[in-house]
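Asker: This is the structure I want to talk about, given as structure tokens.
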Amino acid sequence: MDKKQMQEEILRLKKEKDVCILAHAYQDHELWEVADYMGDSFGLSLQAQKAEQSTVIMCGVRFMAETVKTLAPEKRVFLANADADCPMARQMGREDVLELKKQYPGYTVCAYINTTADLKRAVDVIVTSSSAVQIIEKLPEDKILFVPDPNLGGWIAGQMPEKTFAFFGDGCPSHAEITAADVERARREHPDAEILVHPECRKEVSSAVDYVGSTTGILKYARESDRSEFVIGTENSIARHLSIECPDKTFYELSPKCVCHDMRITTLEDVYGCLTGTSGEEIFLSEEEIAESRRPIDRMIELGG
């Protein structure tokens, strides 16, 4: 089958088998075209809750599929490519967090959603890049231990000096590839363009650009802006998606190195194989794991509205 034929077969099979396909924003456009919903990891999980289908296929990485299973435990949940993982989500485990809690008594432990279900069991609240500032501002506690992205954590802390923060973890290795030199070069080469970056970028990058926001925030900003040129500082698929969606505007990559290779390994063939039972992996979490990892997610939903 060629690509078009495979897409048509996927669309037929997902209807026949009562399957909802979720595609993270970093996936290739050909996967967007067969998905029921596209968005960030948490937005996709909420869509999975609402979906009428009994089965969900996640075109993303493992922690995203775990979050879907946590929020929609009655559904069968599959990760389209079993090898798709997030290196940041593997930087710390539950035991690491439990040890930090002993070292930092009195701190509220806040974890980025880019973490395993097992780690989430040990924290007080989860945040996304789009909701983090709003949620942490609403926390009554003024001491925050943030894992596992010190870049995102530092960006949050810069907006609320009244709180005390401690950071642990190494952050996103893909966004860490973007440097201040990349920003300087982009200013020289594209003087009329606005530079939009993700808060997972280093401080010296996020402090020198025109807009800092989540992936969905960057997409929304670029779509709605009256400007015609943009430099995109997040996973490079976003610049390509925007070029397709907004052909009257021009988009440049801030760094050719900002590539999430784990996201890129999921293909149409993986989705087709998942639908036909020849590839993919079903996600299983125990009732205890679901209950304990959902607690900080529910607090995020409560605080974030």
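Within each chain, counting starts at residue 1; across the structure tokens, chains are named A, B, ... in the order shown, with ligands numbered 1 upward in that order.
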Given only C-alpha atoms, how would the per-residue table for stretch 64-87 of chain A near stretch 258-269 of chain A read, listing every residue at most 9 Å away with its closest atom pair and distance in Å to one decimal, sorted by chain and number, as CSV?

Answerer:
residue,atom,partner,partner_atom,distance
A:Ala80,CA,A:Thr266,CA,6.8
A:Asn81,CA,A:Thr266,CA,5.6
A:Asp83,CA,A:Asp262,CA,7.7
A:Ala84,CA,A:Asp262,CA,5.0
A:Asp85,CA,A:Asp262,CA,5.8
A:Cys86,CA,A:Asp262,CA,6.7
A:Pro87,CA,A:Asp262,CA,8.4

Asker: For atom CA of A:Met58 and atom CA of A:Leu254, quote the distance in Å rounded to one decimal.

Answerer: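 These atoms are spaced 27.8 Å apart.
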
Asker: Need to verify the contact set: stretch 233-236 of chain A, 8 Å, only C-alpha atoms, exclusion of same-chain residues closer than 3 positions in sequence. Can you return it as JSON, numbers by chain?

Answerer: {"A": [26, 174, 175, 178, 195, 196, 197, 198, 215, 239, 240, 253, 254, 255, 256, 258, 259, 260]}

Asker: When DSSP is applied to the backbone of this structure, which of stretch 81-248 of chain A are assigned strand (DSSP E)? Write them out as a list in words.

Answerer: Thr108, Val109, Cys110, Ala111, Tyr112, Val125, Ile126, Val127, Lys143, Ile144, Leu145, Phe146, Val147, Thr164, Phe165, Ala166, Phe167, Glu194, Ile195, Leu196, Val197, Tyr211, Val212, Glu229, Phe230, Val231, Ile232 and Gly233 of chain A

Asker: For a quick check of understanding, using only C-alpha atoms, which of A:Asp149, A:Phe165, A:Arg188, A:Ile244 has the smallest distance to A:Asp28?

Answerer: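 Looking only at the distances to A:Asp28, the closest residue turns out to be A:Ile244.
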